[in-house]
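The file target-v2.csv comes next; it holds CSV, C-alpha atoms.
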chain,number,residue,atom,x,y,z
A,1,MET,CA,-1.2,-36.4,77.1
A,2,GLY,CA,-0.6,-40.2,77.1
A,3,SER,CA,-4.2,-40.9,78.0
A,4,PHE,CA,-5.5,-38.4,75.4
A,5,ARG,CA,-3.4,-40.2,72.7
A,6,SER,CA,-4.9,-43.5,73.8
A,7,ILE,CA,-8.4,-42.1,73.5
A,8,PHE,CA,-7.5,-40.8,70.0
A,9,ALA,CA,-6.1,-44.3,69.0
A,10,ILE,CA,-9.3,-46.1,70.1
A,11,THR,CA,-11.7,-43.6,68.6
A,12,THR,CA,-9.7,-43.5,65.4
A,13,LEU,CA,-9.8,-47.3,65.1
A,14,VAL,CA,-13.6,-47.2,65.5
A,15,LEU,CA,-13.8,-44.5,62.9
A,16,LEU,CA,-11.7,-46.3,60.4
A,17,LEU,CA,-13.6,-49.6,60.9
A,18,SER,CA,-17.1,-48.0,60.7
A,19,ASN,CA,-16.9,-46.9,57.1
A,20,ILE,CA,-19.1,-44.0,57.8
A,21,MET,CA,-18.6,-42.1,54.6
A,22,PRO,CA,-20.3,-42.7,51.3
A,23,SER,CA,-17.9,-43.4,48.5
A,24,GLU,CA,-16.9,-40.3,46.5
A,25,ALA,CA,-16.5,-41.5,42.9
A,26,GLN,CA,-13.0,-42.4,42.0
A,27,LEU,CA,-11.5,-41.5,45.4
A,28,SER,CA,-9.7,-44.4,47.1
A,29,THR,CA,-7.3,-45.0,49.9
A,30,THR,CA,-5.4,-47.3,47.5
A,31,PHE,CA,-5.3,-44.8,44.6
A,32,TYR,CA,-1.4,-44.6,44.5
A,33,ASP,CA,-0.7,-48.1,45.6
A,34,THR,CA,0.6,-49.0,42.1
A,35,THR,CA,1.6,-45.7,40.6
A,36,CYS,CA,3.4,-44.3,43.7
A,37,PRO,CA,3.4,-46.7,46.7
A,38,THR,CA,5.7,-44.4,48.8
A,39,ALA,CA,3.6,-41.2,48.3
A,40,ALA,CA,2.0,-41.1,51.7
A,41,SER,CA,5.1,-42.0,53.6
A,42,THR,CA,7.2,-39.5,51.7
A,43,ILE,CA,4.7,-36.7,52.4
A,44,ARG,CA,4.4,-37.7,56.0
A,45,THR,CA,8.1,-37.5,56.5
A,46,SER,CA,8.2,-34.0,55.0
A,47,ILE,CA,5.3,-32.8,57.1
A,48,ARG,CA,6.8,-34.2,60.3
A,49,GLN,CA,10.0,-32.4,59.6
A,50,ALA,CA,8.2,-29.1,59.1
A,51,VAL,CA,6.1,-29.4,62.3
A,52,SER,CA,9.2,-30.5,64.3
A,53,SER,CA,10.9,-27.3,63.2
A,54,GLU,CA,7.9,-25.1,64.0
A,55,ARG,CA,5.0,-26.6,66.1
A,56,ARG,CA,2.6,-23.8,65.0
A,57,MET,CA,2.9,-25.1,61.4
A,58,ALA,CA,0.5,-28.0,62.2
A,59,ALA,CA,-2.3,-25.5,62.7
A,60,SER,CA,-1.3,-23.6,59.6
A,61,LEU,CA,-1.5,-26.7,57.4
A,62,ILE,CA,-4.9,-27.7,58.7
A,63,ARG,CA,-6.1,-24.1,58.0
A,64,LEU,CA,-4.5,-24.1,54.5
A,65,HIS,CA,-6.5,-27.3,53.7
A,66,PHE,CA,-9.7,-25.7,55.0
A,67,HIS,CA,-9.2,-22.5,53.1
A,68,ASP,CA,-8.6,-24.6,49.9
A,69,CYS,CA,-11.7,-26.8,50.3
A,70,PHE,CA,-14.1,-24.0,50.9
A,71,VAL,CA,-13.2,-22.3,47.6
A,72,GLN,CA,-14.0,-24.4,44.4
A,73,GLY,CA,-13.6,-27.6,46.5
A,74,CYS,CA,-10.4,-29.4,47.4
A,75,ASP,CA,-8.5,-28.7,44.3
A,76,ALA,CA,-5.3,-26.9,45.5
A,77,SER,CA,-6.6,-23.6,43.9
A,78,ILE,CA,-5.3,-21.8,47.0
A,79,LEU,CA,-1.7,-22.6,46.0
A,80,LEU,CA,-1.8,-20.9,42.6
A,81,ASP,CA,0.2,-17.7,42.2
A,82,GLU,CA,-1.1,-14.6,40.4
A,83,THR,CA,-0.8,-14.5,36.6
A,84,ALA,CA,-2.4,-12.6,33.8
A,85,SER,CA,-5.2,-15.1,33.7
A,86,ILE,CA,-5.4,-16.1,37.4
A,87,GLN,CA,-6.5,-14.0,40.3
A,88,SER,CA,-4.7,-15.7,43.1
A,89,GLU,CA,-6.6,-16.7,46.2
A,90,LYS,CA,-3.5,-15.9,48.2
A,91,THR,CA,-4.3,-12.2,48.0
A,92,ALA,CA,-8.0,-12.6,49.1
A,93,PHE,CA,-8.8,-10.8,52.3
A,94,PRO,CA,-9.1,-14.0,54.5
A,95,ASN,CA,-5.7,-15.3,53.2
A,96,ALA,CA,-3.4,-12.3,52.6
A,97,ASN,CA,-0.7,-12.0,55.3
A,98,SER,CA,-2.5,-14.7,57.2
A,99,VAL,CA,-2.5,-18.1,55.6
A,100,ARG,CA,0.8,-20.0,55.9
A,101,GLY,CA,2.5,-23.2,54.9
A,102,TYR,CA,2.8,-22.8,51.2
A,103,GLU,CA,6.5,-23.6,51.3
A,104,VAL,CA,5.8,-26.7,53.3
A,105,ILE,CA,3.5,-28.1,50.6
A,106,ASP,CA,6.1,-27.1,48.0
A,107,ALA,CA,8.7,-29.1,49.9
A,108,ALA,CA,6.4,-32.1,50.1
A,109,LYS,CA,5.6,-31.9,46.4
A,110,THR,CA,9.3,-31.7,45.6
A,111,ALA,CA,10.0,-34.8,47.7
A,112,VAL,CA,7.3,-36.8,46.1
A,113,GLU,CA,8.2,-35.7,42.6
A,114,ARG,CA,11.6,-37.1,43.1
A,115,VAL,CA,10.2,-40.6,43.6
A,116,CYS,CA,7.1,-40.4,41.4
A,117,PRO,CA,7.2,-37.5,38.9
A,118,GLY,CA,3.9,-36.2,37.6
A,119,VAL,CA,1.7,-38.6,39.6
A,120,VAL,CA,0.6,-37.1,42.9
A,121,SER,CA,-1.6,-34.1,42.9
A,122,CYS,CA,-1.1,-31.0,45.0
A,123,ALA,CA,-4.7,-31.4,46.2
A,124,ASP,CA,-3.9,-34.8,47.6
A,125,ILE,CA,-0.7,-33.5,49.2
A,126,LEU,CA,-2.7,-30.8,51.0
A,127,THR,CA,-5.3,-33.3,52.2
A,128,LEU,CA,-2.6,-35.7,53.5
A,129,ALA,CA,-0.6,-32.8,55.1
A,130,ALA,CA,-3.6,-31.8,57.2
A,131,ARG,CA,-4.0,-35.3,58.5
A,132,ASP,CA,-0.3,-35.7,59.2
A,133,ALA,CA,-0.2,-32.3,60.9
A,134,SER,CA,-2.9,-33.4,63.3
A,135,VAL,CA,-1.0,-36.6,64.2
A,136,ALA,CA,2.2,-34.7,64.7
A,137,VAL,CA,0.8,-32.6,67.5
A,138,GLY,CA,-1.1,-35.4,69.2
A,139,GLY,CA,-4.4,-35.2,67.3
A,140,PRO,CA,-6.4,-38.0,65.7
A,141,THR,CA,-5.6,-39.7,62.4
A,142,TRP,CA,-8.0,-40.9,59.7
A,143,ASN,CA,-8.0,-42.6,56.4
A,144,VAL,CA,-7.6,-40.3,53.5
A,145,ARG,CA,-9.1,-41.3,50.2
A,146,LEU,CA,-7.0,-40.1,47.3
A,147,GLY,CA,-7.3,-39.3,43.6
A,148,ARG,CA,-8.0,-35.6,43.6
A,149,ARG,CA,-6.7,-33.6,40.7
A,150,ASP,CA,-5.5,-30.0,40.6
A,151,SER,CA,-7.5,-27.1,39.3
A,152,THR,CA,-6.3,-24.8,36.5
A,153,THR,CA,-8.2,-21.9,38.0
A,154,ALA,CA,-8.5,-20.0,41.2
A,155,SER,CA,-11.2,-17.7,42.6
A,156,ARG,CA,-10.3,-14.7,44.7
A,157,SER,CA,-13.9,-13.5,44.7
A,158,GLN,CA,-15.1,-16.9,46.1
A,159,ALA,CA,-12.4,-16.8,48.7
A,160,ASN,CA,-13.6,-13.4,49.8
A,161,SER,CA,-17.2,-14.5,49.9
A,162,ASP,CA,-17.2,-18.1,51.2
A,163,LEU,CA,-14.5,-18.2,53.9
A,164,PRO,CA,-16.0,-17.5,57.4
A,165,GLY,CA,-14.3,-14.7,59.3
A,166,PRO,CA,-13.2,-14.2,62.9
A,167,ASN,CA,-16.2,-12.0,63.6
A,168,SER,CA,-18.8,-14.4,62.1
A,169,SER,CA,-22.0,-14.9,64.0
A,170,LEU,CA,-23.2,-18.3,64.9
A,171,GLN,CA,-25.8,-18.3,62.1
A,172,GLN,CA,-23.2,-17.1,59.6
A,173,LEU,CA,-21.0,-20.0,60.5
A,174,ILE,CA,-23.8,-22.5,60.3
A,175,ASP,CA,-24.8,-21.1,56.9
A,176,SER,CA,-21.3,-21.1,55.6
A,177,PHE,CA,-20.7,-24.7,56.5
A,178,ASP,CA,-24.1,-25.8,55.3
A,179,ARG,CA,-23.3,-24.4,51.8
A,180,LYS,CA,-20.4,-26.9,51.8
A,181,THR,CA,-22.7,-29.7,52.8
A,182,LEU,CA,-21.2,-29.8,56.3
A,183,SER,CA,-23.5,-30.1,59.4
A,184,VAL,CA,-23.6,-27.9,62.5
A,185,ARG,CA,-21.8,-30.7,64.4
A,186,ASP,CA,-19.1,-30.8,61.7
A,187,MET,CA,-18.7,-27.0,62.0
A,188,VAL,CA,-18.2,-27.2,65.8
A,189,ALA,CA,-15.8,-30.1,65.5
A,190,LEU,CA,-13.8,-28.4,62.8
A,191,SER,CA,-13.7,-25.2,64.9
A,192,GLY,CA,-11.9,-27.4,67.5
A,193,ALA,CA,-8.8,-27.1,65.2
A,194,HIS,CA,-8.3,-23.9,67.1
A,195,THR,CA,-7.0,-25.9,70.0
A,196,ILE,CA,-3.6,-25.2,68.2
A,197,GLY,CA,-2.2,-22.2,66.4
A,198,GLN,CA,-2.3,-18.5,66.9
A,199,ALA,CA,-4.2,-15.5,65.7
A,200,GLN,CA,-3.2,-12.0,64.9
A,201,CYS,CA,-4.3,-9.1,67.1
A,202,SER,CA,-6.3,-7.5,64.3
A,203,SER,CA,-8.6,-10.5,64.3
A,204,PHE,CA,-9.5,-10.4,68.0
A,205,ARG,CA,-9.0,-6.7,69.0
A,206,GLY,CA,-12.6,-5.9,68.9
A,207,ARG,CA,-13.5,-8.7,71.2
A,208,ILE,CA,-11.0,-8.0,73.9
A,209,TYR,CA,-11.9,-4.3,74.1
A,210,SER,CA,-15.6,-4.8,73.8
A,211,ASN,CA,-16.2,-5.0,77.6
A,212,GLY,CA,-18.9,-7.5,76.7
A,213,THR,CA,-20.5,-10.1,78.9
A,214,ASP,CA,-19.4,-12.9,76.7
A,215,ILE,CA,-15.6,-12.5,77.6
A,216,ASP,CA,-13.9,-13.2,80.9
A,217,ALA,CA,-12.5,-9.9,82.2
A,218,ASN,CA,-9.1,-11.4,83.3
A,219,PHE,CA,-8.7,-13.1,80.0
A,220,ALA,CA,-9.4,-9.8,78.1
A,221,THR,CA,-6.8,-8.0,80.3
A,222,THR,CA,-4.2,-10.6,79.6
A,223,ARG,CA,-4.7,-10.4,75.8
A,224,ARG,CA,-4.6,-6.6,75.8
A,225,ARG,CA,-1.0,-6.7,77.0
A,226,THR,CA,0.1,-7.8,73.6
A,227,CYS,CA,-2.7,-6.4,71.5
A,228,PRO,CA,-3.0,-2.6,71.9
A,229,GLN,CA,-6.1,-0.7,70.7
A,230,THR,CA,-4.0,0.8,67.9
A,231,GLY,CA,-0.9,-0.7,66.2
A,232,GLY,CA,0.4,-4.2,66.7
A,233,ASP,CA,-2.0,-5.7,64.2
A,234,ALA,CA,0.3,-8.7,63.5
A,235,ASN,CA,1.0,-9.5,67.2
A,236,LEU,CA,0.2,-13.1,67.9
A,237,ALA,CA,-1.8,-14.8,70.7
A,238,PRO,CA,-2.5,-18.5,71.1
A,239,LEU,CA,-6.0,-19.6,70.2
A,240,ASP,CA,-5.9,-22.0,73.2
A,241,LEU,CA,-4.3,-20.3,76.1
A,242,VAL,CA,-3.9,-23.6,78.1
A,243,THR,CA,-2.1,-26.0,75.7
A,244,PRO,CA,-1.5,-24.0,72.5
A,245,ASN,CA,0.9,-26.6,70.9
A,246,SER,CA,-1.1,-29.8,71.6
A,247,PHE,CA,-4.2,-31.1,70.0
A,248,ASP,CA,-6.7,-31.7,72.8
A,249,ASN,CA,-10.2,-30.5,73.9
A,250,ASN,CA,-9.1,-27.5,76.0
A,251,TYR,CA,-10.4,-25.2,73.3
A,252,PHE,CA,-13.9,-26.2,74.3
A,253,ARG,CA,-13.2,-25.9,78.0
A,254,ASN,CA,-12.0,-22.3,77.3
A,255,LEU,CA,-15.3,-21.5,75.7
A,256,LEU,CA,-17.2,-22.6,78.8
A,257,GLN,CA,-15.1,-20.1,80.7
A,258,ARG,CA,-15.8,-17.3,78.1
A,259,ARG,CA,-12.1,-17.4,77.0
A,260,GLY,CA,-12.5,-18.0,73.3
A,261,LEU,CA,-10.0,-15.7,71.5
A,262,LEU,CA,-12.0,-15.0,68.4
A,263,GLN,CA,-15.6,-13.8,68.4
A,264,SER,CA,-16.3,-16.7,66.0
A,265,ASP,CA,-15.0,-19.1,68.6
A,266,GLN,CA,-17.1,-17.8,71.6
A,267,VAL,CA,-20.3,-17.7,69.6
A,268,LEU,CA,-20.2,-21.5,69.7
A,269,PHE,CA,-21.0,-21.2,73.4
A,270,SER,CA,-23.2,-18.2,73.9
A,271,GLY,CA,-26.7,-19.5,74.7
A,272,GLY,CA,-27.3,-20.8,71.2
A,273,SER,CA,-27.9,-24.1,69.4
A,274,THR,CA,-24.3,-25.3,69.6
A,275,ASP,CA,-23.9,-25.0,73.4
A,276,THR,CA,-24.7,-28.6,74.0
A,277,ILE,CA,-22.1,-29.8,71.5
A,278,VAL,CA,-19.4,-27.6,73.0
A,279,SER,CA,-20.3,-28.9,76.5
A,280,GLN,CA,-20.1,-32.5,75.3
A,281,TYR,CA,-16.7,-32.0,73.6
A,282,SER,CA,-15.4,-30.2,76.7
A,283,THR,CA,-15.9,-33.3,78.8
A,284,ASN,CA,-15.5,-36.1,76.3
A,285,PRO,CA,-12.3,-35.9,74.3
A,286,ALA,CA,-13.0,-39.2,72.6
A,287,THR,CA,-16.2,-37.9,71.1
A,288,PHE,CA,-14.4,-34.7,69.9
A,289,ALA,CA,-11.6,-36.8,68.4
A,290,ALA,CA,-13.9,-39.1,66.4
A,291,ASP,CA,-16.1,-36.2,65.2
A,292,PHE,CA,-13.1,-34.1,64.2
A,293,ALA,CA,-11.7,-37.0,62.1
A,294,ALA,CA,-15.1,-37.7,60.5
A,295,ALA,CA,-15.6,-34.0,59.7
A,296,MET,CA,-12.1,-33.7,58.2
A,297,ILE,CA,-12.9,-36.6,55.9
A,298,ARG,CA,-16.1,-34.9,54.8
A,299,MET,CA,-14.4,-31.5,54.3
A,300,GLY,CA,-11.6,-33.1,52.4
A,301,GLU,CA,-14.0,-34.6,49.9
A,302,ILE,CA,-15.8,-31.3,49.0
A,303,GLN,CA,-16.2,-31.2,45.1
A,304,PRO,CA,-12.9,-32.9,44.2
A,305,LEU,CA,-11.7,-32.9,40.6
A,306,VAL,CA,-11.4,-36.6,39.6
A,307,GLY,CA,-11.0,-38.8,36.6
A,308,GLN,CA,-10.1,-36.6,33.6
A,309,ASN,CA,-11.0,-33.3,35.3
A,310,GLY,CA,-8.2,-31.0,36.3
A,311,ILE,CA,-4.5,-31.8,36.0
A,312,ILE,CA,-1.5,-33.0,38.0
A,313,ARG,CA,0.6,-29.8,38.5
A,314,ARG,CA,4.3,-30.3,38.3
A,315,ILE,CA,4.8,-27.4,40.8
A,316,CYS,CA,1.9,-26.5,43.0
A,317,SER,CA,2.0,-22.7,42.5
A,318,ALA,CA,1.5,-22.8,38.7
A,319,VAL,CA,-0.5,-24.5,35.9
A,320,ASN,CA,1.7,-26.7,33.7

Take the structure I supplied and represent it as structure tokens, if you would.
Amino acid sequence: MGSFRSIFAITTLVLLLSNIMPSEAQLSTTFYDTTCPTAASTIRTSIRQAVSSERRMAASLIRLHFHDCFVQGCDASILLDETASIQSEKTAFPNANSVRGYEVIDAAKTAVERVCPGVVSCADILTLAARDASVAVGGPTWNVRLGRRDSTTASRSQANSDLPGPNSSLQQLIDSFDRKTLSVRDMVALSGAHTIGQAQCSSFRGRIYSNGTDIDANFATTRRRTCPQTGGDANLAPLDLVTPNSFDNNYFRNLLQRRGLLQSDQVLFSGGSTDTIVSQYSTNPATFAADFAAAMIRMGEIQPLVGQNGIIRRICSAVN
């Protein structure tokens, strides 16, 4: 793990110095330097505490950010509760009884509101939380440009249509990410977030009972022990069976051995166009680290609300 952290440190330094991203209007790493100079450190402390209490939370926070950005852009719309005028994304099929971490973002918002009331958006907190969660489990860091504002709307219908599912085909994944201006390489790198976290039995049951040629038989037998053909839908299994609580490149090594838990994982290495990228990441953790960080930056800047658009919510679950 020490050597992997060293690789992450080196590649992250290269990433930060390379200035690879075009400037998104009005987003800046110094956005809160005057109005709330302790924003990032306050949020970081809150996220570290949450992940220290439950290691799995790191994966949940990265996923929460992903599910936010793929619906209306990175605007914290996923955090809004149901009202007479808002159809909450929390109840969309990909999110209901699945997405976690809302209370962690609420705690971070409460902490930052104490020091800088009405200044820091929930959308920026989500974006920083994903970065801090990665670091907390040994993953890469990256510069986060800030200045996003919060939406006053949510879209359950878009959440249902735009978020890729656990049974997505390779082409469906490619198309889904392309619609968000993310490349095939971005898609494979971001899928590597499945090096941490867990999935519910209902999301991989079909795969482990398929008797297909794309799944290792011993792996399928092991997963069946806690995921019966009927019942136990919420039973959990690690997405990475080797190091489920550490951010590394074992996820890609698993795919080479036909041990991807979700069908949407294994399709990345199934004789298709992404096999080469998976193979590269499986043997070169530095490349994966750098690509993951770059892809997270790009994803975190999908259609942000900036300037006078949107609001700064006082609490993340409701419009002011």

**OP:** Do a neighbour search on Asp106 (chain A) at 9 Å with all atoms listed in the file, toss out local chain neighbours closer than 2 positions, and write the hits as a PyMOL selection string.
**Re:** chain A and resi 101-104+108-111+122+315-317

Subject >> d(CA of Gly165 (chain A), CA of Arg131 (chain A)) in Å >> reply: 23.0 Å

Subject >> Counting all atoms listed in the file, the option among A:Ser282, A:Gln200, A:Gln72, A:Ser98 closest to Gly310 (chain A) >> reply: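 Of the candidates, the smallest distance to Gly310 (chain A) is held by A:Gln72.
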
**OP:** Could you check which of A:Leu241, A:Asp214, A:Ala290, A:Gly147 is closest to Leu256 (chain A), using all atoms listed in the file?
**Re:**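 Distance minimum relative to Leu256 (chain A) lands on A:Asp214.
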
Against region 151-164 of chain A, which residues of region 208-306 of chain A fall within 12 Å? For each one I want the closest pair of atoms and the distance in Å (one decimal), counting all atoms listed in the file, rows by chain and increasing residue number, as CSV.
residue,atom,partner,partner_atom,distance
A:Leu262,CA,A:Pro164,CA,12.0
A:Gln263,CA,A:Pro164,CA,11.6
A:Ser264,CA,A:Pro164,CA,8.6
A:Asp265,CA,A:Pro164,CA,11.4
A:Gln303,CA,A:Ser151,CA,11.2
A:Pro304,CA,A:Ser151,CA,9.3
A:Leu305,CA,A:Ser151,CA,7.3
A:Val306,CA,A:Ser151,CA,10.3

Write out as a Markdown table the residues of region 192-305 of chain A that have any atom within 10 Å of an atom of region 180-184 of chain A, one row each with the nearest atom pair and its distance in Å to one decimal, counting only C-alpha atoms, sorted by chain and then rising number.
| residue | atom | partner | partner_atom | distance |
| --- | --- | --- | --- | --- |
| A:Ser273 | CA | A:Val184 | CA | 9.0 |
| A:Thr274 | CA | A:Val184 | CA | 7.6 |
| A:Ile277 | CA | A:Val184 | CA | 9.3 |
| A:Ala295 | CA | A:Leu182 | CA | 7.8 |
| A:Arg298 | CA | A:Leu182 | CA | 7.4 |
| A:Met299 | CA | A:Leu182 | CA | 7.3 |
| A:Ile302 | CA | A:Lys180 | CA | 7.0 |
| A:Gln303 | CA | A:Lys180 | CA | 9.0 |

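The residue set within 7 Å of region 247-254 of chain A, counting only C-alpha atoms and dropping same-chain residues fewer than 6 places from it, reads Val137, Gly138, Gly139, Gly192, His194, Thr195, Ile196, Asp240, Gly260, Val278, Tyr281, Ser282 and Pro285 of chain A.
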
**OP:** Considering all atoms listed in the file, state which residue in the set A:Leu27, A:Ala58, A:Ile86, A:Leu170 is at the smallest distance from Gly197 (chain A).
**Re:** A:Ala58

**OP:** Would you work out the distance separating CA of Ser60 (chain A) from CA of Arg100 (chain A), expressed in Å to one decimal?
**Re:**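 Computing it gives 5.6 Å between the two atoms.
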
**OP:** For each of A:Asp150, A:Glu113, A:Asp132, A:Asp275, take the minimum atom-to-atom distance to Ala76 (chain A), counting all atoms listed in the file, then give the residue where this is smallest.
**Re:**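 Ranked by minimum distance to Ala76 (chain A), first place goes to A:Asp150.
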
Original post:
If you count all atoms listed in the file, which residues fall within 8 Å of Gly300 (chain A), apart from same-chain ones fewer than 4 positions away, as a PyMOL selection string?
Top reply: chain A and resi 65+69+74+127+296

Original post:
How many Å separate CA of Ala129 (chain A) from CA of Arg185 (chain A)?
Top reply: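 Distance reported for this atom pair: 23.2 Å.
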
Original post:
Within 9 Å of Ala318 (chain A), counting all atoms listed in the file, which residues qualify if same-chain residues fewer than 3 places away don't, as a VMD selection string?
Top reply: chain A and resid 79 to 83 152 313 to 315

Original post:
When distances are computed from all atoms listed in the file, which of A:Ala84, A:Ile47, A:Ala136, A:Val144 shows the smallest separation from Asp124 (chain A)?
Top reply: A:Val144
